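J.: One structure follows; several queries about it will come next.
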Amino acid sequence: MTDALVPRAEDFDKISALLTLAFHGGFDPELLEVERGIFEPDRSLLVRDGGTAVAHVGAFSRDLAVPGADLPAAHVTMVSVAPTHRRRGLLTGLMRRQLREIHDAGREPLAVLWASEGRIYPRFGYGLAAQRLVLAGDTVGLRLPDPTPAEGTIRLDRPDPHRAELARLHERVRADRPGWSRRDERWWAYVLADVKGLRGGATERRVLLHEGPDGLDGYALYRTKEEWTDTGPRAEVRVDEVVAARPEAYLALWRLLLSIDLTRRVSFSIAAVDEPLFRLVDEPRQLGARLADALWVRVVDVPAALAARRYATDVDVVIEVTDDLLPENSGRWRLVGGPSGAECTATSAPAGLACDVRALGELYLGGAGLVALVAAGRVRELIPGTAVTVSAALGWHRAPAPMEVF
């Protein structure tokens with residue numbers, strides 16, 4: 001067995017075979033070519049046993065929307081260990097080396113990932129920073145407000161011809177939603193690739209385009225799955241994403257999605273926890289929502305990360321941070337900031353709060369409640385009243401939300 005090495009582009013097939021084995025998938029040449037387009041070999045670490053790939057971790061170079069700002073963030077992905085090589089410390093070694101390399105490169109103050117299992121990544125300092133709602137509901141009888149003249153018009157088409165329009169609107173809306181990642185041309189090709197093996201028996205993907213007074217101001221990507229019962233049609237609308245710059249566009253798109261002929265069900269696996277749909281339908285329980293985890297954030301450079309985001313209200317607090325894997329982050333940091341900017345510097349002043357770097361990751365996107373973390377014992381309040389004072393500043397006017405699994 002060799003030490004971890006940086007693979008070459010031609011190693012992608014072996015890495016893909018490892019991922020297929022680890023995640024219990026099947027070989028799909030179409031999917032393989034789509035994923036090859038976003039693979040970054042220079043951001044990967046690979047362990048081989050002979051000529052076989054047995055452990056791997058990778059990352060994508062993307063920007064992440066955070067409260068009031070946009071930051072380069074290592075999008076950690078493709079983490080896997082072969083069943084024959086478990087319990088040998090391979091995952092631990094790869095994750096620790098990756099964190100150290102991200103920190104030392106000095107470009108990305110954050111790392112972010114989706115977790116296959118929630119118990120794996122906290123030991124590397126990742127905290128659950130954004131949750132999602134999984135919708136699987138019955139649309140029969142579900143009602144939305146009546147349309148208004150200001151809503152505009154909707155067109156139906158295939159997504160590919162409209163890629164440039166979708167990209168512009170996505171980037172426009174992304175600025176106001178912590179947790180959304182920037183999509184360059186490679187990522188739009190990946191997101192819109194309609195691999196047959198992943199359709200699950202549903203139709204090809206379609207797009208609804210909403211035109212308002214100033215042009216495209218909303219779109220929805222979806223597909224449908226046919227089903228018939230003894231009592232009639234029961235097809236399902238499977239929503240992938242809904243992006244809208246105006247409330248009128250959002251309402252119009254959902255009105256159509258919930259009323260497509262011969263459909264009786266809707267599913268949407270990456271809905272925001274503050275999804276406006278719940279304030280629009282006449283019976284939100286009918287959406288069948290359940291809460292699930294989404295984005296896990298690892299603060300890689302504490303002062304750079306805390307200074308880079310914005311804060312909902314003025315804040316001046318000293319936080320004592322512990323980080324066993326990146327000791328440069330450990331210490332007392334004075335955060336002074338507000339809606340227009342912030343700075344974070346080392347200090348010897350008494351700390352008002354104390355936490356590990358994992359809790360800092362949970363708080364970073366503005367979704368986790370500081371007071372709740374204090375109540376759970378995850379953050380210690382060293383000066384009474386600090387948590388209540390600082391809590392509002394760390395929050396944000398929109399809940400963090402994911403947009404796609406990477």
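How things are named: the first chain in the structure tokens is A, the next is B, and so on; residues count from 1 in each chain; ligands count from 1 in the order shown.
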With DSSP run on the backbone, what are the strand (DSSP E) residues within region 154-245 of chain A? I'd like them as a ChimeraX atom specification.

T.: /A:154-157,206-212,215-225,228-229,232-233,235-244

J.: Take the residues that were just selected and, keeping N, CA and C atoms, output them as a JSON list (two decimals), in the first residue's frame.

T.:
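Now in out-v7.json:
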```json
[["chain", "number", "residue", "atom", "x", "y", "z"],
["A", 154, "ILE", "N", -45.68, 32.11, -18.17],
["A", 154, "ILE", "CA", -44.81, 30.94, -17.99],
["A", 154, "ILE", "C", -44.69, 30.19, -19.31],
["A", 155, "ARG", "N", -43.44, 29.81, -19.63],
["A", 155, "ARG", "CA", -43.17, 28.95, -20.78],
["A", 155, "ARG", "C", -42.60, 27.63, -20.30],
["A", 156, "LEU", "N", -42.82, 26.57, -21.08],
["A", 156, "LEU", "CA", -42.30, 25.24, -20.78],
["A", 156, "LEU", "C", -41.33, 24.83, -21.88],
["A", 157, "ASP", "N", -40.15, 24.30, -21.49],
["A", 157, "ASP", "CA", -39.17, 23.92, -22.50],
["A", 157, "ASP", "C", -38.17, 22.94, -21.89],
["A", 206, "ARG", "N", -37.52, 18.95, -17.31],
["A", 206, "ARG", "CA", -38.13, 20.07, -18.01],
["A", 206, "ARG", "C", -37.91, 21.34, -17.20],
["A", 207, "VAL", "N", -38.09, 22.49, -17.85],
["A", 207, "VAL", "CA", -37.94, 23.75, -17.15],
["A", 207, "VAL", "C", -39.16, 24.63, -17.40],
["A", 208, "LEU", "N", -39.63, 25.26, -16.33],
["A", 208, "LEU", "CA", -40.65, 26.30, -16.43],
["A", 208, "LEU", "C", -39.93, 27.64, -16.34],
["A", 209, "LEU", "N", -40.20, 28.53, -17.28],
["A", 209, "LEU", "CA", -39.56, 29.84, -17.33],
["A", 209, "LEU", "C", -40.60, 30.91, -17.10],
["A", 210, "HIS", "N", -40.42, 31.68, -16.05],
["A", 210, "HIS", "CA", -41.38, 32.74, -15.73],
["A", 210, "HIS", "C", -40.87, 34.09, -16.21],
["A", 211, "GLU", "N", -41.64, 34.76, -17.03],
["A", 211, "GLU", "CA", -41.29, 36.07, -17.56],
["A", 211, "GLU", "C", -42.11, 37.15, -16.85],
["A", 212, "GLY", "N", -41.39, 38.09, -16.22],
["A", 212, "GLY", "CA", -42.04, 39.22, -15.58],
["A", 212, "GLY", "C", -41.88, 40.48, -16.39],
["A", 215, "GLY", "N", -38.30, 40.69, -17.85],
["A", 215, "GLY", "CA", -37.69, 39.48, -18.42],
["A", 215, "GLY", "C", -37.76, 38.31, -17.45],
["A", 216, "LEU", "N", -36.87, 37.34, -17.65],
["A", 216, "LEU", "CA", -36.88, 36.13, -16.84],
["A", 216, "LEU", "C", -36.64, 36.46, -15.37],
["A", 217, "ASP", "N", -37.58, 36.07, -14.52],
["A", 217, "ASP", "CA", -37.42, 36.33, -13.09],
["A", 217, "ASP", "C", -37.73, 35.10, -12.25],
["A", 218, "GLY", "N", -37.84, 33.94, -12.91],
["A", 218, "GLY", "CA", -38.06, 32.71, -12.16],
["A", 218, "GLY", "C", -37.97, 31.50, -13.06],
["A", 219, "TYR", "N", -37.50, 30.40, -12.49],
["A", 219, "TYR", "CA", -37.52, 29.14, -13.23],
["A", 219, "TYR", "C", -37.68, 27.99, -12.25],
["A", 220, "ALA", "N", -38.14, 26.86, -12.77],
["A", 220, "ALA", "CA", -38.27, 25.64, -11.98],
["A", 220, "ALA", "C", -37.84, 24.46, -12.84],
["A", 221, "LEU", "N", -36.95, 23.64, -12.32],
["A", 221, "LEU", "CA", -36.53, 22.41, -12.97],
["A", 221, "LEU", "C", -37.29, 21.26, -12.32],
["A", 222, "TYR", "N", -37.89, 20.41, -13.15],
["A", 222, "TYR", "CA", -38.70, 19.33, -12.61],
["A", 222, "TYR", "C", -38.82, 18.21, -13.62],
["A", 223, "ARG", "N", -39.36, 17.09, -13.18],
["A", 223, "ARG", "CA", -39.74, 15.98, -14.05],
["A", 223, "ARG", "C", -41.00, 15.34, -13.46],
["A", 224, "THR", "N", -41.63, 14.48, -14.20],
["A", 224, "THR", "CA", -42.83, 13.80, -13.70],
["A", 224, "THR", "C", -42.65, 12.29, -13.83],
["A", 225, "LYS", "N", -43.35, 11.57, -12.97],
["A", 225, "LYS", "CA", -43.32, 10.10, -13.01],
["A", 225, "LYS", "C", -44.75, 9.57, -13.09],
["A", 228, "TRP", "N", -50.62, 5.01, -12.41],
["A", 228, "TRP", "CA", -52.07, 4.85, -12.50],
["A", 228, "TRP", "C", -52.51, 3.82, -11.47],
["A", 229, "THR", "N", -53.65, 4.08, -10.85],
["A", 229, "THR", "CA", -54.24, 3.12, -9.91],
["A", 229, "THR", "C", -55.62, 2.74, -10.41],
["A", 232, "GLY", "N", -57.72, 5.79, -10.88],
["A", 232, "GLY", "CA", -57.36, 6.85, -11.81],
["A", 232, "GLY", "C", -55.89, 7.23, -11.74],
["A", 233, "PRO", "N", -55.53, 8.40, -12.28],
["A", 233, "PRO", "CA", -54.13, 8.82, -12.33],
["A", 233, "PRO", "C", -53.59, 9.22, -10.97],
["A", 235, "ALA", "N", -49.88, 10.42, -10.85],
["A", 235, "ALA", "CA", -48.50, 10.75, -11.22],
["A", 235, "ALA", "C", -47.89, 11.70, -10.19],
["A", 236, "GLU", "N", -46.55, 11.75, -10.20],
["A", 236, "GLU", "CA", -45.80, 12.56, -9.24],
["A", 236, "GLU", "C", -44.99, 13.63, -9.96],
["A", 237, "VAL", "N", -44.97, 14.84, -9.41],
["A", 237, "VAL", "CA", -44.11, 15.92, -9.89],
["A", 237, "VAL", "C", -42.87, 15.94, -9.00],
["A", 238, "ARG", "N", -41.70, 15.72, -9.60],
["A", 238, "ARG", "CA", -40.45, 15.71, -8.86],
["A", 238, "ARG", "C", -39.69, 17.01, -9.15],
["A", 239, "VAL", "N", -39.67, 17.88, -8.16],
["A", 239, "VAL", "CA", -39.07, 19.20, -8.32],
["A", 239, "VAL", "C", -37.59, 19.14, -7.95],
["A", 240, "ASP", "N", -36.74, 19.68, -8.81],
["A", 240, "ASP", "CA", -35.30, 19.73, -8.54],
["A", 240, "ASP", "C", -34.90, 21.07, -7.93],
["A", 241, "GLU", "N", -35.34, 22.16, -8.52],
["A", 241, "GLU", "CA", -35.05, 23.47, -7.94],
["A", 241, "GLU", "C", -36.06, 24.49, -8.43],
["A", 242, "VAL", "N", -36.32, 25.46, -7.57],
["A", 242, "VAL", "CA", -37.17, 26.60, -7.89],
["A", 242, "VAL", "C", -36.39, 27.86, -7.52],
["A", 243, "VAL", "N", -36.15, 28.72, -8.50],
["A", 243, "VAL", "CA", -35.38, 29.94, -8.29],
["A", 243, "VAL", "C", -36.24, 31.11, -8.76],
["A", 244, "ALA", "N", -36.47, 32.07, -7.89],
["A", 244, "ALA", "CA", -37.33, 33.20, -8.24],
["A", 244, "ALA", "C", -36.80, 34.49, -7.64]]
```

J.: Which residues are near region 325-338 of chain A? Cut-off 6 Å, only C-alpha atoms, ignore same chain within fewer than 4 positions. Put them as a list of chain:residue names.

T.: A:Val302, A:Tyr311, A:Thr313, A:Asp314, A:Val315, A:Asp316, A:Val317, A:Val318, A:Ile319, A:Glu320, A:Val321, A:Ala342, A:Glu343, A:Cys344, A:Thr345, A:Ala346, A:Thr347

J.: Give me the residues within 12 Å of Gly106 (chain A) as a list in words, counting only C-alpha atoms and dropping any in the same chain fewer than 6 places off.

T.: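 So, after excluding close chain neighbours, the residues are Pro72, Ala73, Ala74, Leu99, Arg100, Val300, Asp301, Val302, Pro303, Ala304 and Ala305 of chain A.
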
J.: Using only C-alpha atoms, which of the listed residues (A:Ala193, A:Leu32, A:Ala294, A:Leu360) sits closest to Trp114 (chain A)?

T.: A:Ala294

J.: From the DSSP assignment of the backbone, select every residue of region 142-226 of chain A that is alpha helix (DSSP H), and format the answer as a PyMOL selection string.

T.: chain A and resi 163-174+185-192

J.: For Pro161 (chain A), which residue out of A:Leu18, A:Leu142, A:Leu192, A:Ile102 is the nearest one, using only C-alpha atoms?

T.: A:Leu192

J.: Can you pull out every residue within 8 Å of Asp176 (chain A), counting only C-alpha atoms, but drop anything in the same chain fewer than 3 positions away, and send it as a PDB file with N, CA and C atoms, in the first residue's frame?

T.:
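This is the output file out38.pdb:
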```
ATOM      1  N   ALA A  65     -21.969  31.306  -1.081  1.00  0.00           N
ATOM      2  CA  ALA A  65     -22.642  32.473  -0.521  1.00  0.00           C
ATOM      3  C   ALA A  65     -22.747  32.299   0.993  1.00  0.00           C
ATOM      4  N   PRO A  67     -23.487  34.849   4.787  1.00  0.00           N
ATOM      5  CA  PRO A  67     -24.214  36.079   5.114  1.00  0.00           C
ATOM      6  C   PRO A  67     -23.502  37.351   4.659  1.00  0.00           C
ATOM      7  N   GLY A  68     -24.075  38.017   3.670  1.00  0.00           N
ATOM      8  CA  GLY A  68     -23.572  39.287   3.194  1.00  0.00           C
ATOM      9  C   GLY A  68     -22.332  39.240   2.341  1.00  0.00           C
ATOM     10  N   VAL A 173     -29.977  35.594  -7.747  1.00  0.00           N
ATOM     11  CA  VAL A 173     -30.703  35.213  -6.540  1.00  0.00           C
ATOM     12  C   VAL A 173     -29.757  34.656  -5.487  1.00  0.00           C
ATOM     13  N   ARG A 398     -32.277  35.446   5.963  1.00  0.00           N
ATOM     14  CA  ARG A 398     -32.719  34.245   5.250  1.00  0.00           C
ATOM     15  C   ARG A 398     -31.968  33.042   5.801  1.00  0.00           C
TER      16      ARG A 398
END
```
